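Content type compact mmCIF, C-alpha atoms, from the file entry_29.txt:
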```txt
# COMPACT_ATOMS: atom_id res chain seq x y z
CA MET F 1 -23.18 -3.93 -55.01
CA THR F 2 -19.65 -5.23 -55.59
CA ASP F 3 -19.15 -8.98 -55.61
CA LEU F 4 -16.71 -9.71 -52.81
CA SER F 5 -16.85 -13.51 -53.07
CA SER F 6 -13.77 -13.73 -55.30
CA LYS F 7 -11.71 -11.57 -52.90
CA ARG F 8 -12.29 -13.63 -49.78
CA PRO F 9 -9.52 -16.06 -48.79
CA LEU F 10 -10.11 -19.79 -49.26
CA SER F 11 -9.04 -22.33 -46.68
CA PRO F 12 -6.23 -24.52 -48.06
CA HIS F 13 -7.22 -27.97 -49.24
CA LEU F 14 -4.92 -29.22 -51.99
CA GLN F 15 -1.89 -28.12 -49.99
CA ILE F 16 -3.11 -29.96 -46.90
CA TYR F 17 -4.94 -33.17 -47.83
CA LYS F 18 -2.62 -36.07 -48.58
CA PRO F 19 -3.29 -37.51 -52.05
CA GLN F 20 -4.89 -40.97 -51.91
CA ILE F 21 -5.23 -43.59 -54.57
CA THR F 22 -8.95 -42.83 -54.76
CA SER F 23 -8.64 -39.10 -55.39
CA THR F 24 -5.54 -39.45 -57.60
CA LEU F 25 -7.12 -42.00 -59.91
CA SER F 26 -10.29 -39.93 -60.03
CA ILE F 27 -8.56 -36.76 -61.14
CA LEU F 28 -6.44 -38.73 -63.62
CA HIS F 29 -9.65 -40.15 -65.08
CA ARG F 30 -10.91 -36.62 -65.60
CA ALA F 31 -7.56 -35.35 -66.93
CA THR F 32 -7.24 -38.22 -69.43
CA GLY F 33 -10.82 -37.50 -70.50
CA VAL F 34 -9.96 -33.91 -71.38
CA ILE F 35 -6.73 -34.99 -73.12
CA LEU F 36 -8.62 -37.62 -75.11
CA THR F 37 -11.22 -35.04 -76.19
CA LEU F 38 -8.40 -32.98 -77.71
CA ALA F 39 -6.83 -36.10 -79.19
CA THR F 40 -10.13 -37.10 -80.79
CA VAL F 41 -10.54 -33.64 -82.31
CA LEU F 42 -7.02 -33.88 -83.78
CA PHE F 43 -7.65 -37.42 -84.94
CA ILE F 44 -10.80 -36.45 -86.81
CA ALA F 45 -8.99 -33.49 -88.36
CA GLY F 46 -6.43 -36.05 -89.51
CA ILE F 47 -9.14 -38.23 -91.03
CA ALA F 48 -10.49 -35.20 -92.88
CA LEU F 49 -7.02 -34.49 -94.30
CA VAL F 50 -6.43 -38.11 -95.22
CA ALA F 51 -9.75 -38.21 -97.03
CA THR F 52 -8.36 -35.72 -99.53
CA GLY F 53 -6.12 -38.29 -101.20
CA ILE F 54 -2.92 -40.27 -101.33
CA PRO F 55 -0.38 -37.43 -100.76
CA MET F 56 -1.95 -36.47 -97.44
CA PHE F 57 -2.31 -40.11 -96.41
CA GLU F 58 1.38 -40.80 -96.99
CA THR F 59 2.41 -37.53 -95.30
CA ILE F 60 0.44 -38.23 -92.16
CA LYS F 61 1.50 -41.86 -92.07
CA GLY F 62 5.08 -40.69 -92.40
CA LEU F 63 4.69 -38.14 -89.61
CA LEU F 64 3.18 -40.69 -87.27
CA GLY F 65 6.03 -43.06 -88.05
CA THR F 66 8.70 -40.67 -86.77
CA LYS F 67 10.08 -40.82 -83.22
CA TRP F 68 7.86 -37.98 -82.06
CA GLY F 69 4.83 -39.37 -83.87
CA MET F 70 5.24 -42.76 -82.23
CA LEU F 71 5.77 -41.12 -78.85
CA ALA F 72 2.58 -39.10 -79.28
CA LEU F 73 0.67 -42.25 -80.25
CA PHE F 74 2.15 -44.11 -77.28
CA LEU F 75 1.13 -41.40 -74.80
CA ALA F 76 -2.30 -41.17 -76.37
CA SER F 77 -2.72 -44.94 -76.02
CA ILE F 78 -1.76 -44.78 -72.35
CA ALA F 79 -4.33 -42.03 -71.81
CA MET F 80 -6.97 -44.02 -73.69
CA ASN F 81 -6.25 -47.31 -71.90
CA PHE F 82 -6.18 -45.61 -68.51
CA HIS F 83 -9.49 -43.87 -69.15
CA PHE F 84 -10.90 -47.17 -70.46
CA CYS F 85 -9.94 -49.15 -67.34
CA ALA F 86 -10.93 -46.35 -64.97
CA GLY F 87 -14.23 -46.15 -66.84
CA LEU F 88 -14.84 -49.88 -66.38
CA ARG F 89 -14.18 -49.43 -62.67
CA HIS F 90 -16.68 -46.56 -62.59
CA LEU F 91 -19.32 -48.73 -64.25
CA VAL F 92 -18.83 -51.43 -61.62
CA LEU F 93 -19.13 -48.83 -58.86
CA ASP F 94 -22.24 -47.40 -60.53
CA ALA F 95 -23.82 -50.84 -60.39
CA GLY F 96 -23.33 -50.63 -56.64
CA HIS F 97 -20.42 -53.00 -56.07
CA GLY F 98 -16.98 -52.53 -54.61
CA PHE F 99 -17.32 -49.55 -52.28
CA ASP F 100 -15.55 -51.28 -49.39
CA LYS F 101 -12.19 -49.71 -48.58
CA THR F 102 -10.20 -52.88 -49.37
CA GLN F 103 -12.21 -53.41 -52.55
CA ILE F 104 -11.64 -49.85 -53.73
CA TYR F 105 -7.90 -50.15 -53.22
CA LYS F 106 -7.79 -53.56 -54.94
CA SER F 107 -9.80 -52.35 -57.93
CA GLY F 108 -7.60 -49.26 -58.12
CA TYR F 109 -4.43 -51.33 -58.39
CA ALA F 110 -6.13 -53.78 -60.75
CA MET F 111 -7.04 -50.83 -62.93
CA LEU F 112 -3.44 -49.63 -63.13
CA ALA F 113 -2.31 -53.16 -63.96
CA GLY F 114 -5.03 -53.33 -66.60
CA THR F 115 -3.79 -50.13 -68.19
CA ALA F 116 -0.24 -51.48 -68.36
CA ILE F 117 -1.36 -54.82 -69.78
CA MET F 118 -3.66 -53.21 -72.35
CA THR F 119 -0.90 -50.88 -73.52
CA ALA F 120 1.66 -53.68 -73.70
CA VAL F 121 -0.66 -55.98 -75.67
CA LEU F 122 -1.70 -53.17 -78.01
CA TRP F 123 1.86 -52.19 -78.88
CA PHE F 124 3.02 -55.79 -79.10
CA VAL F 125 0.35 -56.48 -81.71
CA ALA F 126 0.84 -53.13 -83.44
CA LEU F 127 4.58 -53.53 -83.83
CA GLY F 128 4.23 -56.83 -85.59
CA GLY F 129 3.45 -59.42 -82.96
CA MET F 130 0.45 -60.80 -84.82
CA MET C 131 -26.33 -60.61 -54.89
CA SER C 132 -27.94 -58.68 -57.73
CA LEU C 133 -25.88 -57.75 -60.78
CA ILE C 134 -26.93 -54.11 -60.63
CA LYS C 135 -28.11 -52.87 -57.25
CA TRP C 136 -31.43 -51.17 -57.84
CA GLN C 137 -33.49 -48.94 -55.56
CA LYS C 138 -36.93 -50.49 -55.88
CA GLY C 139 -39.53 -47.86 -56.73
CA GLY C 140 -37.11 -44.98 -56.67
CA LEU C 141 -37.36 -41.92 -54.51
CA LYS C 142 -39.61 -39.77 -56.67
CA SER C 143 -43.26 -40.14 -57.58
CA PRO C 144 -43.82 -41.35 -61.18
CA LEU C 145 -45.65 -38.15 -62.09
CA SER C 146 -42.84 -35.95 -60.84
CA LYS C 147 -40.38 -38.00 -62.88
CA ALA C 148 -42.52 -37.57 -66.00
CA ARG C 149 -42.68 -33.82 -65.44
CA GLY C 150 -38.93 -33.53 -64.84
CA LEU C 151 -39.53 -31.91 -61.47
CA GLY C 152 -36.87 -31.59 -58.83
CA SER C 153 -33.75 -29.45 -59.00
CA GLY C 154 -31.92 -32.16 -60.96
CA ARG C 155 -34.43 -31.93 -63.84
CA THR C 156 -32.71 -33.61 -66.78
CA GLY C 157 -29.57 -34.32 -64.77
CA VAL C 158 -30.27 -38.03 -64.52
CA HIS C 159 -30.60 -38.21 -68.30
CA HIS C 160 -27.11 -36.74 -68.62
CA TRP C 161 -25.79 -39.33 -66.16
CA ILE C 162 -27.45 -42.21 -67.99
CA ASP C 163 -26.33 -40.93 -71.40
CA GLN C 164 -22.73 -40.78 -70.19
CA ARG C 165 -22.93 -44.44 -69.11
CA VAL C 166 -24.70 -45.55 -72.29
CA THR C 167 -22.04 -43.96 -74.51
CA ALA C 168 -19.34 -45.34 -72.21
CA ILE C 169 -20.57 -48.90 -72.65
CA ALA C 170 -20.90 -48.42 -76.43
CA ASN C 171 -17.35 -47.07 -76.48
CA ILE C 172 -15.95 -50.35 -75.13
CA PRO C 173 -16.31 -52.38 -78.36
CA LEU C 174 -15.84 -49.27 -80.48
CA THR C 175 -12.43 -48.65 -78.89
CA ILE C 176 -11.35 -52.22 -79.68
CA TRP C 177 -12.53 -51.74 -83.27
CA LEU C 178 -10.67 -48.42 -83.50
CA TYR C 179 -7.43 -50.02 -82.33
CA TRP C 180 -7.88 -52.85 -84.83
CA THR C 181 -8.55 -50.36 -87.64
CA MET C 182 -5.51 -48.24 -86.80
CA ILE C 183 -3.23 -51.27 -86.74
CA THR C 184 -4.67 -52.55 -90.04
CA VAL C 185 -4.36 -49.19 -91.79
CA ALA C 186 -0.81 -48.69 -90.50
CA ARG C 187 0.19 -51.86 -92.31
CA THR C 188 -1.37 -51.00 -95.66
CA ASP C 189 -1.37 -48.32 -98.33
CA TYR C 190 -4.09 -45.93 -99.46
CA VAL C 191 -5.84 -48.54 -101.58
CA GLY C 192 -5.96 -50.93 -98.65
CA PHE C 193 -7.23 -48.11 -96.46
CA LEU C 194 -10.06 -47.35 -98.91
CA LYS C 195 -10.97 -51.02 -99.17
CA TRP C 196 -11.15 -51.25 -95.38
CA MET C 197 -13.31 -48.14 -95.07
CA GLN C 198 -15.58 -49.20 -97.94
CA ASN C 199 -16.64 -52.34 -96.14
CA PRO C 200 -20.14 -51.24 -95.01
CA VAL C 201 -19.59 -52.72 -91.54
CA ASN C 202 -16.48 -50.60 -91.08
CA THR C 203 -18.15 -47.50 -92.47
CA THR C 204 -20.99 -47.93 -89.99
CA LEU C 205 -18.63 -48.59 -87.08
CA ALA C 206 -16.56 -45.55 -88.01
CA ILE C 207 -19.61 -43.31 -87.91
CA LEU C 208 -20.81 -44.90 -84.67
CA THR C 209 -17.35 -44.38 -83.16
CA ILE C 210 -17.38 -40.70 -84.09
CA VAL C 211 -20.90 -40.14 -82.76
CA CYS C 212 -20.48 -42.08 -79.49
CA PHE C 213 -16.98 -40.76 -78.74
CA MET C 214 -18.04 -37.17 -79.40
CA GLN C 215 -21.25 -37.44 -77.40
CA HIS C 216 -19.30 -38.95 -74.51
CA ALA C 217 -16.66 -36.23 -74.83
CA TRP C 218 -19.30 -33.49 -74.89
CA LEU C 219 -21.01 -34.82 -71.78
CA GLY C 220 -17.67 -35.02 -70.02
CA MET C 221 -16.60 -31.53 -71.08
CA GLN C 222 -19.93 -30.14 -69.89
CA ILE C 223 -19.19 -31.41 -66.41
CA VAL C 224 -15.62 -30.13 -66.46
CA VAL C 225 -16.67 -26.66 -67.60
CA GLU C 226 -19.46 -26.50 -65.03
CA ASP C 227 -17.18 -27.63 -62.22
CA TYR C 228 -14.33 -25.23 -62.85
CA THR C 229 -16.05 -22.08 -64.14
CA HIS C 230 -17.36 -19.88 -61.37
CA ASP C 231 -18.69 -17.04 -63.48
CA GLU C 232 -22.13 -17.81 -64.88
CA GLY C 233 -21.63 -15.72 -68.04
CA ARG C 234 -18.29 -17.29 -68.85
CA LYS C 235 -19.74 -20.71 -68.24
CA VAL C 236 -22.49 -20.12 -70.80
CA VAL C 237 -19.93 -18.99 -73.39
CA LYS C 238 -17.58 -21.91 -72.74
CA LEU C 239 -20.40 -24.44 -72.96
CA TRP C 240 -21.56 -22.90 -76.24
CA VAL C 241 -18.05 -22.99 -77.70
CA ALA C 242 -17.51 -26.59 -76.58
CA ARG C 243 -20.85 -27.70 -78.00
CA VAL C 244 -20.24 -26.01 -81.36
CA VAL C 245 -16.65 -27.25 -81.69
CA LEU C 246 -17.40 -30.85 -80.78
CA SER C 247 -20.52 -31.15 -82.92
CA SER C 248 -18.78 -29.51 -85.90
CA ILE C 249 -15.84 -31.86 -85.62
CA ALA C 250 -18.24 -34.80 -85.38
CA ILE C 251 -19.96 -33.74 -88.60
CA LEU C 252 -16.58 -33.21 -90.29
CA GLY C 253 -15.63 -36.74 -89.23
CA ILE C 254 -18.82 -38.29 -90.57
CA ILE C 255 -18.50 -36.47 -93.89
CA SER C 256 -14.86 -37.57 -94.21
CA VAL C 257 -15.80 -41.19 -93.53
CA LEU C 258 -18.55 -41.02 -96.15
CA LYS C 259 -16.12 -39.41 -98.57
CA LEU C 260 -13.76 -42.34 -98.08
CA ALA C 261 -16.58 -44.85 -98.31
CA PHE C 262 -17.68 -43.58 -101.72
CA ALA C 263 -14.28 -42.73 -103.14
CA PRO C 264 -13.38 -44.63 -106.29
CA VAL C 265 -10.64 -47.17 -105.66
CA VAL C 266 -8.00 -46.28 -108.25
```
What does the file become when written as structure tokens?
Amino acid sequence: MTDLSSKRPLSPHLQIYKPQITSTLSILHRATGVILTLATVLFIAGIALVATGIPMFETIKGLLGTKWGMLALFLASIAMNFHFCAGLRHLVLDAGHGFDKTQIYKSGYAMLAGTAIMTAVLWFVALGGM
Amino acid sequence: MSLIKWQKGGLKSPLSKARGLGSGRTGVHHWIDQRVTAIANIPLTIWLYWTMITVARTDYVGFLKWMQNPVNTTLAILTIVCFMQHAWLGMQIVVEDYTHDEGRKVVKLWVARVVLSSIAILGIISVLKLAFAPVV
């Protein structure tokens, strides 16, 4: 018996439904999660290389200090901070609070602000603030 | 208002919970585990940021000294374990959501599990290597 389920047409959804802050932030949370999984794998590979000695340590430090290295670190930090703040929001929702429409929108915007603030503070400190 | 809203008594009988009955079986455990690792990841992320900034400002000797502090060695291993467990739980959900072929799903989950756990072990071994390396 042939499986016809993959040949049947699907009704459009992504092309129709207007993106909302709720769905957009949710999919970004998932997307940053996947990106961070890859970043963590790379990071640990880096640790393994660095554990081999001084030459590798200096090489990797040098690479991360270049324009592209810093850009990669910056983007990774945005992904991490976003996922962090979205995660905090999820924990609050899991505890049962904040499901009201106004609350959800407020926490969504607060989360985006939190990401920006976290990233700004992190890079301010990292680049020699403290 | 309570801090965490709790359904008193729950919706299942205690015996059925103990037996893992119901179509969700161990699904709740997965959900709880994801939250537990998430909460652990909060301080671990702050520590990781602090470590990266410290190491960026020092040389290899300074890096070894940082990693050889037993508190940092422990936190490094905890970070690897909690981050990877959290990542694995997340990837499980992503694979299950977007793979429609049962066979492919099994393969993808196997690959993800093997890759993530191998990388975690590599990370732990590297941290231990640094922790016991002689400071020249």
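Distances here use only C-alpha atoms; by that measure, the residue among F:Phe74, F:Phe84, F:Tyr17, F:Tyr109 closest to chain C is F:Phe84.
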Open item on the list: What's around Asn202 (chain C) at 9 Å? Count all atoms listed in the file, leave out sequence neighbours fewer than 6 positions away in its own chain, and write the answer as number ranges by chain.
Closed with: C: 177, 181, 196
TODO: Using all atoms listed in the file, find the residues of chain C whose closest atom to chain F is at most 8 Å away, then write them as a PyMOL selection string.
DONE: chain C and resi 133-135+165+168+172+179+183+186+190+214+217+220-221+246+249-250+252-253+256-257+259-260
Export of the given selection (C-alpha atoms) as a PDB file, in the frame of the given file:
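Output file result_13.pdb is given in full below:
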```pdb
ATOM      1  CA  LEU C 133     -25.880 -57.750 -60.780  1.00  0.00           C
ATOM      2  CA  ILE C 134     -26.930 -54.110 -60.630  1.00  0.00           C
ATOM      3  CA  LYS C 135     -28.110 -52.870 -57.250  1.00  0.00           C
ATOM      4  CA  ARG C 165     -22.930 -44.440 -69.110  1.00  0.00           C
ATOM      5  CA  ALA C 168     -19.340 -45.340 -72.210  1.00  0.00           C
ATOM      6  CA  ILE C 172     -15.950 -50.350 -75.130  1.00  0.00           C
ATOM      7  CA  TYR C 179      -7.430 -50.020 -82.330  1.00  0.00           C
ATOM      8  CA  ILE C 183      -3.230 -51.270 -86.740  1.00  0.00           C
ATOM      9  CA  ALA C 186      -0.810 -48.690 -90.500  1.00  0.00           C
ATOM     10  CA  TYR C 190      -4.090 -45.930 -99.460  1.00  0.00           C
ATOM     11  CA  MET C 214     -18.040 -37.170 -79.400  1.00  0.00           C
ATOM     12  CA  ALA C 217     -16.660 -36.230 -74.830  1.00  0.00           C
ATOM     13  CA  GLY C 220     -17.670 -35.020 -70.020  1.00  0.00           C
ATOM     14  CA  MET C 221     -16.600 -31.530 -71.080  1.00  0.00           C
ATOM     15  CA  LEU C 246     -17.400 -30.850 -80.780  1.00  0.00           C
ATOM     16  CA  ILE C 249     -15.840 -31.860 -85.620  1.00  0.00           C
ATOM     17  CA  ALA C 250     -18.240 -34.800 -85.380  1.00  0.00           C
ATOM     18  CA  LEU C 252     -16.580 -33.210 -90.290  1.00  0.00           C
ATOM     19  CA  GLY C 253     -15.630 -36.740 -89.230  1.00  0.00           C
ATOM     20  CA  SER C 256     -14.860 -37.570 -94.210  1.00  0.00           C
ATOM     21  CA  VAL C 257     -15.800 -41.190 -93.530  1.00  0.00           C
ATOM     22  CA  LYS C 259     -16.120 -39.410 -98.570  1.00  0.00           C
ATOM     23  CA  LEU C 260     -13.760 -42.340 -98.080  1.00  0.00           C
TER      24      LEU C 260
END
```
Task: 9 Å contact set for region 20-28 of chain F, all atoms listed in the file, chain neighbours under 6 positions out, as a PyMOL selection string - done: chain F and resi 82-83+86+104-105+108-109
Do you know which residues are at most 10 Å from Val191 (chain C) counting only C-alpha atoms, after dropping those on the same chain fewer than 5 positions away, and could you put them as an mmCIF file with C-alpha atoms, in the frame of the given file?
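The resulting file, selection.cif, is reproduced below:
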```
data_model
loop_
_atom_site.group_PDB
_atom_site.id
_atom_site.type_symbol
_atom_site.label_atom_id
_atom_site.label_comp_id
_atom_site.auth_asym_id
_atom_site.auth_seq_id
_atom_site.Cartn_x
_atom_site.Cartn_y
_atom_site.Cartn_z
ATOM 1 C CA ILE F 54 -2.920 -40.270 -101.330
ATOM 2 C CA VAL C 185 -4.360 -49.190 -91.790
ATOM 3 C CA TRP C 196 -11.150 -51.250 -95.380
ATOM 4 C CA MET C 197 -13.310 -48.140 -95.070
ATOM 5 C CA PRO C 264 -13.380 -44.630 -106.290
ATOM 6 C CA VAL C 265 -10.640 -47.170 -105.660
ATOM 7 C CA VAL C 266 -8.000 -46.280 -108.250
#
```
- [ ] In Å, rounded to a single decimal, give me how far CA of Thr115 (chain F) is from CA of Ala242 (chain C).
- [x]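 Those two atoms sit 28.5 Å apart.
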TODO: For CA of Pro12 (chain F) and CA of Val236 (chain C), determine how far apart the two atoms are, in Å to one decimal place.
DONE: 28.3 Å
- [ ] Would you work out the distance separating CA of Ile255 (chain C) from CA of Leu75 (chain F), expressed in Å to one decimal?
- [x]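 Spanning CA of Ile255 (chain C) to CA of Leu75 (chain F) is a straight-line distance of 27.8 Å.
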